[in-house]
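Dropping query.csv in here (CSV, N, CA and C atoms and all ligand atoms):
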```csv
chain,number,residue,atom,x,y,z
I,18,MET,N,0.8,-1.2,0.0
I,18,MET,CA,0.0,0.0,0.0
I,18,MET,C,0.9,1.3,0.0
I,19,SER,N,0.4,2.3,-0.7
I,19,SER,CA,1.3,3.5,-0.8
I,19,SER,C,1.2,4.3,0.6
I,20,LYS,N,2.2,5.0,0.8
I,20,LYS,CA,2.3,5.8,2.1
I,20,LYS,C,1.3,6.9,2.1
I,21,THR,N,0.7,7.2,3.3
I,21,THR,CA,-0.1,8.4,3.5
I,21,THR,C,0.8,9.6,3.6
I,22,ILE,N,0.2,10.8,3.4
I,22,ILE,CA,0.9,12.0,3.5
I,22,ILE,C,1.6,12.1,4.9
I,23,PHE,N,0.9,11.6,5.9
I,23,PHE,CA,1.5,11.7,7.2
I,23,PHE,C,2.7,10.7,7.4
I,24,GLU,N,2.6,9.5,6.8
I,24,GLU,CA,3.8,8.6,6.8
I,24,GLU,C,5.0,9.3,6.1
I,25,LYS,N,4.7,10.0,5.0
I,25,LYS,CA,5.8,10.7,4.3
I,25,LYS,C,6.4,11.8,5.2
I,26,ILE,N,5.5,12.5,5.9
I,26,ILE,CA,6.0,13.5,6.8
I,26,ILE,C,6.9,12.9,7.9
I,27,ILE,N,6.4,11.8,8.5
I,27,ILE,CA,7.1,11.1,9.6
I,27,ILE,C,8.5,10.6,9.0
I,28,ASP,N,8.5,10.1,7.8
I,28,ASP,CA,9.7,9.6,7.2
I,28,ASP,C,10.6,10.7,6.6
I,29,ARG,N,10.2,12.0,6.8
I,29,ARG,CA,10.9,13.2,6.3
I,29,ARG,C,11.0,13.2,4.8
I,30,GLU,N,10.0,12.6,4.1
I,30,GLU,CA,10.0,12.7,2.7
I,30,GLU,C,9.2,14.0,2.3
I,31,LEU,N,8.4,14.5,3.2
I,31,LEU,CA,7.7,15.8,3.0
I,31,LEU,C,8.1,16.7,4.2
I,32,PRO,N,8.2,18.0,4.0
I,32,PRO,CA,8.5,18.9,5.1
I,32,PRO,C,7.3,19.2,6.0
I,33,SER,N,7.6,19.5,7.2
I,33,SER,CA,6.5,20.0,8.1
I,33,SER,C,7.1,20.7,9.3
I,34,ASN,N,6.3,21.4,10.0
I,34,ASN,CA,6.7,22.2,11.2
I,34,ASN,C,6.4,21.2,12.4
I,35,ILE,N,7.4,20.7,12.9
I,35,ILE,CA,7.3,19.6,14.0
I,35,ILE,C,7.3,20.3,15.4
I,36,PHE,N,6.3,20.0,16.2
I,36,PHE,CA,6.2,20.5,17.5
I,36,PHE,C,6.8,19.5,18.5
I,37,TYR,N,6.6,18.3,18.2
I,37,TYR,CA,7.0,17.2,19.2
I,37,TYR,C,7.1,15.9,18.4
I,38,GLU,N,8.0,15.0,18.9
I,38,GLU,CA,8.1,13.7,18.3
I,38,GLU,C,8.7,12.7,19.4
I,39,ASP,N,8.2,11.5,19.3
I,39,ASP,CA,8.8,10.5,20.1
I,39,ASP,C,8.7,9.2,19.3
I,40,ASP,N,8.9,8.0,20.0
I,40,ASP,CA,8.9,6.8,19.3
I,40,ASP,C,7.6,6.4,18.7
I,41,LEU,N,6.5,6.9,19.3
I,41,LEU,CA,5.1,6.5,18.9
I,41,LEU,C,4.4,7.5,18.1
I,42,CYS,N,4.7,8.7,18.1
I,42,CYS,CA,3.9,9.7,17.4
I,42,CYS,C,4.7,11.0,17.1
I,43,ILE,N,4.0,11.8,16.3
I,43,ILE,CA,4.6,13.1,15.9
I,43,ILE,C,3.5,14.2,16.0
I,44,ALA,N,3.9,15.4,16.4
I,44,ALA,CA,2.9,16.5,16.4
I,44,ALA,C,3.4,17.6,15.5
I,45,ILE,N,2.6,17.9,14.5
I,45,ILE,CA,3.0,18.9,13.5
I,45,ILE,C,1.9,20.0,13.3
I,46,GLU,N,2.4,21.1,12.8
I,46,GLU,CA,1.4,22.2,12.4
I,46,GLU,C,0.6,21.8,11.2
I,47,ASP,N,-0.7,22.1,11.3
I,47,ASP,CA,-1.6,21.8,10.1
I,47,ASP,C,-1.2,22.8,9.0
I,48,ILE,N,-1.2,22.2,7.8
I,48,ILE,CA,-0.8,23.1,6.7
I,48,ILE,C,-1.8,24.1,6.3
I,49,ALA,N,-3.1,23.9,6.7
I,49,ALA,CA,-4.2,24.8,6.4
I,49,ALA,C,-4.9,25.1,7.7
I,50,PRO,N,-4.3,25.8,8.7
I,50,PRO,CA,-4.9,25.9,10.0
I,50,PRO,C,-6.3,26.5,10.1
I,51,LYS,N,-7.1,25.9,10.9
I,51,LYS,CA,-8.5,26.3,11.0
I,51,LYS,C,-8.7,27.1,12.4
I,52,ALA,N,-7.6,27.4,13.0
I,52,ALA,CA,-7.6,28.2,14.2
I,52,ALA,C,-6.2,28.7,14.4
I,53,PRO,N,-6.0,29.8,15.2
I,53,PRO,CA,-4.7,30.4,15.4
I,53,PRO,C,-3.6,29.3,15.8
I,54,ILE,N,-4.0,28.3,16.6
I,54,ILE,CA,-3.1,27.2,16.9
I,54,ILE,C,-3.9,25.9,16.4
I,55,HIS,N,-3.2,25.2,15.5
I,55,HIS,CA,-3.8,24.0,14.9
I,55,HIS,C,-2.7,22.9,14.7
I,56,VAL,N,-2.7,22.0,15.6
I,56,VAL,CA,-1.6,21.0,15.6
I,56,VAL,C,-2.3,19.6,15.4
I,57,LEU,N,-1.6,18.8,14.6
I,57,LEU,CA,-2.1,17.4,14.4
I,57,LEU,C,-1.2,16.5,15.2
I,58,ILE,N,-1.8,15.6,16.0
I,58,ILE,CA,-1.0,14.6,16.7
I,58,ILE,C,-1.3,13.3,16.0
I,59,ILE,N,-0.2,12.7,15.5
I,59,ILE,CA,-0.4,11.6,14.6
I,59,ILE,C,0.5,10.4,15.1
I,60,PRO,N,-0.2,9.2,15.2
I,60,PRO,CA,0.6,8.0,15.6
I,60,PRO,C,1.5,7.6,14.4
I,61,LYS,N,2.7,7.1,14.7
I,61,LYS,CA,3.5,6.6,13.7
I,61,LYS,C,3.0,5.3,13.0
I,62,LYS,N,2.2,4.6,13.8
I,62,LYS,CA,1.5,3.4,13.3
I,62,LYS,C,0.4,3.9,12.4
I,63,PRO,N,0.3,3.5,11.1
I,63,PRO,CA,-0.7,4.0,10.2
I,63,PRO,C,-2.1,3.4,10.4
I,64,ILE,N,-2.7,3.6,11.5
I,64,ILE,CA,-4.1,3.2,11.7
I,64,ILE,C,-4.9,4.1,10.8
I,65,GLN,N,-5.8,3.6,10.0
I,65,GLN,CA,-6.5,4.4,9.0
I,65,GLN,C,-7.5,5.4,9.7
I,66,LYS,N,-8.2,4.9,10.7
I,66,LYS,CA,-9.1,5.8,11.4
I,66,LYS,C,-9.5,5.2,12.8
I,67,LEU,N,-10.0,6.0,13.7
I,67,LEU,CA,-10.2,5.6,15.0
I,67,LEU,C,-11.1,4.3,15.1
I,68,SER,N,-12.1,4.2,14.2
I,68,SER,CA,-13.0,3.0,14.3
I,68,SER,C,-12.2,1.8,13.9
I,69,GLU,N,-11.0,1.9,13.4
I,69,GLU,CA,-10.2,0.7,13.0
I,69,GLU,C,-9.2,0.4,14.0
I,70,ALA,N,-9.1,1.2,15.1
I,70,ALA,CA,-8.1,0.9,16.2
I,70,ALA,C,-8.5,-0.5,16.8
I,71,LYS,N,-7.5,-1.2,17.3
I,71,LYS,CA,-7.7,-2.5,17.9
I,71,LYS,C,-7.5,-2.3,19.4
I,72,LYS,N,-7.9,-3.3,20.1
I,72,LYS,CA,-7.8,-3.3,21.6
I,72,LYS,C,-6.3,-3.2,21.9
I,73,THR,N,-5.4,-3.7,21.1
I,73,THR,CA,-4.0,-3.6,21.3
I,73,THR,C,-3.4,-2.2,21.1
I,74,ASP,N,-4.3,-1.3,20.5
I,74,ASP,CA,-3.9,0.1,20.4
I,74,ASP,C,-4.2,1.0,21.6
I,75,GLN,N,-4.8,0.3,22.6
I,75,GLN,CA,-5.3,1.1,23.7
I,75,GLN,C,-4.2,2.0,24.3
I,76,ALA,N,-3.1,1.5,24.6
I,76,ALA,CA,-2.0,2.3,25.2
I,76,ALA,C,-1.5,3.4,24.3
I,77,LEU,N,-1.5,3.1,23.0
I,77,LEU,CA,-1.1,4.1,22.0
I,77,LEU,C,-2.1,5.3,22.0
I,78,LEU,N,-3.4,4.9,22.0
I,78,LEU,CA,-4.4,6.0,22.0
I,78,LEU,C,-4.3,6.8,23.3
I,79,GLY,N,-4.0,6.2,24.4
I,79,GLY,CA,-3.8,7.0,25.7
I,79,GLY,C,-2.6,7.9,25.6
I,80,HIS,N,-1.6,7.3,25.0
I,80,HIS,CA,-0.3,8.1,24.8
I,80,HIS,C,-0.6,9.4,24.0
I,81,LEU,N,-1.4,9.2,22.9
I,81,LEU,CA,-1.7,10.4,22.0
I,81,LEU,C,-2.4,11.5,22.9
I,82,MET,N,-3.3,11.1,23.8
I,82,MET,CA,-4.0,12.1,24.6
I,82,MET,C,-3.0,12.8,25.5
I,83,MET,N,-2.0,12.0,26.1
I,83,MET,CA,-1.0,12.7,26.9
I,83,MET,C,-0.1,13.6,26.1
I,84,VAL,N,0.1,13.3,24.9
I,84,VAL,CA,0.9,14.2,24.0
I,84,VAL,C,0.1,15.5,23.7
I,85,VAL,N,-1.3,15.3,23.5
I,85,VAL,CA,-2.1,16.5,23.4
I,85,VAL,C,-1.9,17.4,24.6
I,86,LYS,N,-1.9,16.8,25.7
I,86,LYS,CA,-1.8,17.6,27.0
I,86,LYS,C,-0.4,18.3,27.0
I,87,LYS,N,0.7,17.6,26.6
I,87,LYS,CA,2.0,18.1,26.7
I,87,LYS,C,2.2,19.3,25.6
I,88,VAL,N,1.7,19.1,24.4
I,88,VAL,CA,1.8,20.1,23.4
I,88,VAL,C,1.0,21.3,23.8
I,89,ALA,N,-0.2,21.1,24.4
I,89,ALA,CA,-1.1,22.2,24.8
I,89,ALA,C,-0.3,23.0,25.9
I,90,GLU,N,0.4,22.3,26.8
I,90,GLU,CA,1.1,23.0,27.8
I,90,GLU,C,2.3,23.8,27.2
I,91,GLU,N,3.0,23.2,26.3
I,91,GLU,CA,4.1,23.8,25.6
I,91,GLU,C,3.7,25.1,24.9
I,92,LEU,N,2.5,25.0,24.3
I,92,LEU,CA,2.0,26.2,23.5
I,92,LEU,C,1.3,27.2,24.4
I,93,ASN,N,1.2,26.8,25.7
I,93,ASN,CA,0.6,27.7,26.8
I,93,ASN,C,-0.9,27.9,26.5
I,94,VAL,N,-1.6,26.8,26.0
I,94,VAL,CA,-3.0,26.9,25.7
I,94,VAL,C,-3.8,25.8,26.6
I,95,GLN,N,-3.1,25.4,27.6
I,95,GLN,CA,-3.7,24.2,28.4
I,95,GLN,C,-5.0,24.6,29.0
I,96,ASP,N,-5.4,25.9,29.2
I,96,ASP,CA,-6.6,26.3,29.8
I,96,ASP,C,-7.8,26.3,28.8
I,97,ALA,N,-7.5,26.3,27.5
I,97,ALA,CA,-8.6,26.5,26.5
I,97,ALA,C,-8.1,25.9,25.2
I,98,PHE,N,-8.5,24.7,25.0
I,98,PHE,CA,-8.3,24.1,23.6
I,98,PHE,C,-9.4,23.1,23.3
I,99,ASN,N,-9.5,22.7,22.1
I,99,ASN,CA,-10.5,21.7,21.6
I,99,ASN,C,-9.7,20.6,20.9
I,100,ILE,N,-10.2,19.4,20.9
I,100,ILE,CA,-9.6,18.3,20.1
I,100,ILE,C,-10.8,17.8,19.3
I,101,ILE,N,-10.4,17.4,18.0
I,101,ILE,CA,-11.4,16.8,17.1
I,101,ILE,C,-10.7,15.6,16.4
I,102,ILE,N,-11.4,14.5,16.3
I,102,ILE,CA,-11.0,13.4,15.4
I,102,ILE,C,-12.1,13.2,14.4
I,103,ASN,N,-11.8,13.4,13.1
I,103,ASN,CA,-12.8,13.1,12.1
I,103,ASN,C,-12.6,11.7,11.7
I,104,ASN,N,-13.7,10.9,11.8
I,104,ASN,CA,-13.7,9.5,11.5
I,104,ASN,C,-14.5,9.2,10.3
I,105,GLY,N,-13.9,8.9,9.2
I,105,GLY,CA,-14.7,8.6,8.0
I,105,GLY,C,-14.9,9.8,7.0
I,106,GLU,N,-15.0,9.5,5.8
I,106,GLU,CA,-15.1,10.5,4.7
I,106,GLU,C,-16.4,11.4,5.0
I,107,LYS,N,-17.5,10.7,5.4
I,107,LYS,CA,-18.7,11.5,5.6
I,107,LYS,C,-18.6,12.4,6.8
I,108,ALA,N,-17.6,12.2,7.7
I,108,ALA,CA,-17.4,13.0,8.8
I,108,ALA,C,-16.3,14.1,8.5
I,109,GLY,N,-15.9,14.1,7.3
I,109,GLY,CA,-14.9,15.1,6.9
I,109,GLY,C,-13.4,14.7,7.0
I,110,GLN,N,-13.2,13.4,7.2
I,110,GLN,CA,-11.8,12.9,7.2
I,110,GLN,C,-11.3,12.9,5.8
I,111,THR,N,-10.1,13.5,5.6
I,111,THR,CA,-9.5,13.6,4.2
I,111,THR,C,-8.2,12.8,4.2
I,112,VAL,N,-7.5,12.7,5.3
I,112,VAL,CA,-6.3,11.9,5.3
I,112,VAL,C,-6.5,10.6,6.1
I,113,PHE,N,-6.4,9.5,5.5
I,113,PHE,CA,-6.8,8.2,6.1
I,113,PHE,C,-5.6,7.6,6.9
I,114,HIS,N,-5.2,8.4,7.9
I,114,HIS,CA,-4.1,8.0,8.8
I,114,HIS,C,-4.6,8.7,10.1
I,115,LEU,N,-5.0,8.0,11.1
I,115,LEU,CA,-5.5,8.6,12.3
I,115,LEU,C,-4.7,9.8,12.8
I,116,HIS,N,-5.5,10.8,13.2
I,116,HIS,CA,-4.8,12.0,13.7
I,116,HIS,C,-5.8,12.8,14.6
I,117,ILE,N,-5.3,13.4,15.6
I,117,ILE,CA,-6.1,14.3,16.5
I,117,ILE,C,-5.8,15.7,16.2
I,118,HIS,N,-6.8,16.5,15.9
I,118,HIS,CA,-6.7,17.9,15.7
I,118,HIS,C,-6.7,18.6,17.1
I,119,LEU,N,-5.7,19.4,17.4
I,119,LEU,CA,-5.6,20.2,18.6
I,119,LEU,C,-5.8,21.7,18.1
I,120,LEU,N,-6.9,22.3,18.6
I,120,LEU,CA,-7.2,23.6,18.1
I,120,LEU,C,-7.3,24.6,19.3
I,121,ALA,N,-6.7,25.8,19.1
I,121,ALA,CA,-6.8,26.7,20.2
I,121,ALA,C,-6.8,28.1,19.6
I,122,GLY,N,-7.3,29.1,20.4
I,122,GLY,CA,-7.4,30.5,20.0
I,122,GLY,C,-8.6,30.8,19.1
I,123,ARG,N,-9.5,29.9,19.1
I,123,ARG,CA,-10.8,30.1,18.3
I,123,ARG,C,-11.9,29.5,19.2
I,124,ASN,N,-13.0,30.3,19.2
I,124,ASN,CA,-14.1,29.9,20.1
I,124,ASN,C,-15.1,29.0,19.4
I,125,PHE,N,-15.2,27.8,19.9
I,125,PHE,CA,-16.2,26.8,19.4
I,125,PHE,C,-17.5,26.7,20.2
I,126,THR,N,-17.7,27.7,21.1
I,126,THR,CA,-18.8,27.6,22.0
I,126,THR,C,-20.2,27.7,21.2
I,127,ASP,N,-20.1,28.2,19.9
I,127,ASP,CA,-21.4,28.2,19.1
I,127,ASP,C,-21.7,26.8,18.8
I,128,LEU,N,-20.7,25.9,18.6
I,128,LEU,CA,-20.9,24.5,18.2
I,128,LEU,C,-21.3,23.7,19.5
I,129,PHE,N,-20.6,24.0,20.6
I,129,PHE,CA,-20.8,23.3,21.8
I,129,PHE,C,-21.2,24.2,22.9
I,130,PRO,N,-22.4,24.8,22.9
I,130,PRO,CA,-22.7,25.7,24.0
I,130,PRO,C,-22.8,25.0,25.3
I,131,GLY,N,-22.4,25.7,26.3
I,131,GLY,CA,-22.4,25.1,27.7
I,131,GLY,C,-23.8,25.0,28.3
W,201,LIG,P1,-8.9,15.4,8.3
W,201,LIG,O1,-9.8,16.3,7.4
W,201,LIG,O2,-8.5,14.1,7.6
W,201,LIG,O3,-9.4,15.2,9.7
W,201,LIG,O4,-7.6,16.3,8.5
W,201,LIG,C1,-6.5,16.3,7.7
W,201,LIG,C2,-5.7,17.6,8.0
W,201,LIG,O5,-4.4,17.4,7.4
W,201,LIG,C3,-6.3,18.8,7.4
W,201,LIG,O6,-6.6,19.8,8.4
W,201,LIG,C4,-5.3,19.3,6.4
W,201,LIG,O7,-5.1,20.7,6.4
W,201,LIG,C5,-4.0,18.6,6.9
W,201,LIG,N1,-3.0,18.4,5.9
W,201,LIG,C6,-3.2,17.8,4.7
W,201,LIG,N2,-2.1,17.7,4.0
W,201,LIG,C7,-1.1,18.1,4.9
W,201,LIG,C8,0.3,18.3,4.7
W,201,LIG,O8,0.9,17.9,3.7
W,201,LIG,N3,1.0,18.8,5.8
W,201,LIG,C9,0.3,19.2,6.9
W,201,LIG,N4,1.1,19.7,7.9
W,201,LIG,N5,-1.0,19.1,7.1
W,201,LIG,C10,-1.7,18.6,6.1
```

Would you put the structure from the file into structure tokens?
Amino acid sequence: MSKTIFEKIIDRELPSNIFYEDDLCIAIEDIAPKAPIHVLIIPKKPIQKLSEAKKTDQALLGHLMMVVKKVAEELNVQDAFNIIINNGEKAGQTVFHLHIHLLAGRNFTDLFPG
């Protein structure tokens, strides 16, 4: 199977602005940001989408959440950020390699009123 855009970024075949990287994941700036801060947290394992994650991916999924927390702290937005995972084409997923959108500096309360 051909590599996803994100695998090419992970393998340094495509450039990106990297905020964080470890053995399991990478966090990069979104190329077309939808908020003043828009970071993608991407597992190195090419899981196509969240609904295809296996029980054995549980620790990896937890790790991604802790990386969200770490990146939010490093960008000093830990008090106000949103995360989004688009799962499936009909839900707006365009890159079929699981990723978490971390968005900050934009108000989503119209979508999610308290
Ligand atoms: P999705 O719509 O699949 O949830 O999100 C894919 C995201 O990847 C989009 O926000 C899009 O802007 C971003 N994206 C697509 N291609 C690239 C790329 O080559 N580099 C980076 N940094 N982001 C990309």

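Going from atom N of I:Thr126 to atom CA of I:Ile101 covers 13.2 Å.
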
Residues within 9 Å of ligand LIG 201 (chain W), counting only C-alpha atoms and all ligand atoms, as a PyMOL selection string: chain I and resi 22-23+25-26+31-35+45-51+55-57+101-106+108-118

Residue among I:Leu67, I:Ile27, I:Met18, I:Leu120 lying closest to I:Leu41, counting only C-alpha atoms: I:Ile27

Residue set, stretch 18-77 of chain I restricted to helix (DSSP H, G or I), as a PyMOL selection string: chain I and resi 22-27+67-69+72-77

All residues 8 Å or closer to stretch 70-81 of chain I, only N, CA and C atoms, same chain fewer than 6 positions away omitted, as a list of chain:residue names: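 In the requested form, the answer reads I:Leu41, I:Cys42, I:Ile58, I:Ile59, I:Pro60, I:Ile64, I:Lys87, I:Ile117.
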
For the residues in that selection, give me N, CA and C atoms as a short mmCIF file (atom, residue, chain, number, x, y, z; two decimals), in the coordinates of the input.
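Written output follows (again.cif):
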```
data_model
loop_
_atom_site.label_atom_id
_atom_site.label_comp_id
_atom_site.auth_asym_id
_atom_site.auth_seq_id
_atom_site.Cartn_x
_atom_site.Cartn_y
_atom_site.Cartn_z
N LEU I 41 6.50 6.90 19.30
CA LEU I 41 5.10 6.50 18.90
C LEU I 41 4.40 7.50 18.10
N CYS I 42 4.70 8.70 18.10
CA CYS I 42 3.90 9.70 17.40
C CYS I 42 4.70 11.00 17.10
N ILE I 58 -1.80 15.60 16.00
CA ILE I 58 -1.00 14.60 16.70
C ILE I 58 -1.30 13.30 16.00
N ILE I 59 -0.20 12.70 15.50
CA ILE I 59 -0.40 11.60 14.60
C ILE I 59 0.50 10.40 15.10
N PRO I 60 -0.20 9.20 15.20
CA PRO I 60 0.60 8.00 15.60
C PRO I 60 1.50 7.60 14.40
N ILE I 64 -2.70 3.60 11.50
CA ILE I 64 -4.10 3.20 11.70
C ILE I 64 -4.90 4.10 10.80
N LYS I 87 0.70 17.60 26.60
CA LYS I 87 2.00 18.10 26.70
C LYS I 87 2.20 19.30 25.60
N ILE I 117 -5.30 13.40 15.60
CA ILE I 117 -6.10 14.30 16.50
C ILE I 117 -5.80 15.70 16.20
#
```

Please rebuild stretch 61-76 of chain I with N, CA, C and O atoms and return the result as a tab-separated table (two decimals), in the coordinates of the input.
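The new file selection34.tsv reads:
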```tsv
chain	number	residue	atom	x	y	z
I	61	LYS	N	2.70	7.10	14.70
I	61	LYS	CA	3.50	6.60	13.70
I	61	LYS	C	3.00	5.30	13.00
I	61	LYS	O	3.13	5.08	11.85
I	62	LYS	N	2.20	4.60	13.80
I	62	LYS	CA	1.50	3.40	13.30
I	62	LYS	C	0.40	3.90	12.40
I	62	LYS	O	-0.46	4.69	12.86
I	63	PRO	N	0.30	3.50	11.10
I	63	PRO	CA	-0.70	4.00	10.20
I	63	PRO	C	-2.10	3.40	10.40
I	63	PRO	O	-2.57	2.68	9.51
I	64	ILE	N	-2.70	3.60	11.50
I	64	ILE	CA	-4.10	3.20	11.70
I	64	ILE	C	-4.90	4.10	10.80
I	64	ILE	O	-4.78	5.36	10.89
I	65	GLN	N	-5.80	3.60	10.00
I	65	GLN	CA	-6.50	4.40	9.00
I	65	GLN	C	-7.50	5.40	9.70
I	65	GLN	O	-7.61	6.54	9.29
I	66	LYS	N	-8.20	4.90	10.70
I	66	LYS	CA	-9.10	5.80	11.40
I	66	LYS	C	-9.50	5.20	12.80
I	66	LYS	O	-9.19	4.00	13.01
I	67	LEU	N	-10.00	6.00	13.70
I	67	LEU	CA	-10.20	5.60	15.00
I	67	LEU	C	-11.10	4.30	15.10
I	67	LEU	O	-10.77	3.42	15.89
I	68	SER	N	-12.10	4.20	14.20
I	68	SER	CA	-13.00	3.00	14.30
I	68	SER	C	-12.20	1.80	13.90
I	68	SER	O	-12.79	0.68	14.02
I	69	GLU	N	-11.00	1.90	13.40
I	69	GLU	CA	-10.20	0.70	13.00
I	69	GLU	C	-9.20	0.40	14.00
I	69	GLU	O	-8.39	-0.60	13.86
I	70	ALA	N	-9.10	1.20	15.10
I	70	ALA	CA	-8.10	0.90	16.20
I	70	ALA	C	-8.50	-0.50	16.80
I	70	ALA	O	-9.69	-0.83	16.94
I	71	LYS	N	-7.50	-1.20	17.30
I	71	LYS	CA	-7.70	-2.50	17.90
I	71	LYS	C	-7.50	-2.30	19.40
I	71	LYS	O	-6.91	-1.35	19.90
I	72	LYS	N	-7.90	-3.30	20.10
I	72	LYS	CA	-7.80	-3.30	21.60
I	72	LYS	C	-6.30	-3.20	21.90
I	72	LYS	O	-5.92	-2.49	22.90
I	73	THR	N	-5.40	-3.70	21.10
I	73	THR	CA	-4.00	-3.60	21.30
I	73	THR	C	-3.40	-2.20	21.10
I	73	THR	O	-2.29	-1.92	21.44
I	74	ASP	N	-4.30	-1.30	20.50
I	74	ASP	CA	-3.90	0.10	20.40
I	74	ASP	C	-4.20	1.00	21.60
I	74	ASP	O	-4.00	2.16	21.54
I	75	GLN	N	-4.80	0.30	22.60
I	75	GLN	CA	-5.30	1.10	23.70
I	75	GLN	C	-4.20	2.00	24.30
I	75	GLN	O	-4.45	3.23	24.56
I	76	ALA	N	-3.10	1.50	24.60
I	76	ALA	CA	-2.00	2.30	25.20
I	76	ALA	C	-1.50	3.40	24.30
I	76	ALA	O	-1.28	4.51	24.74
```
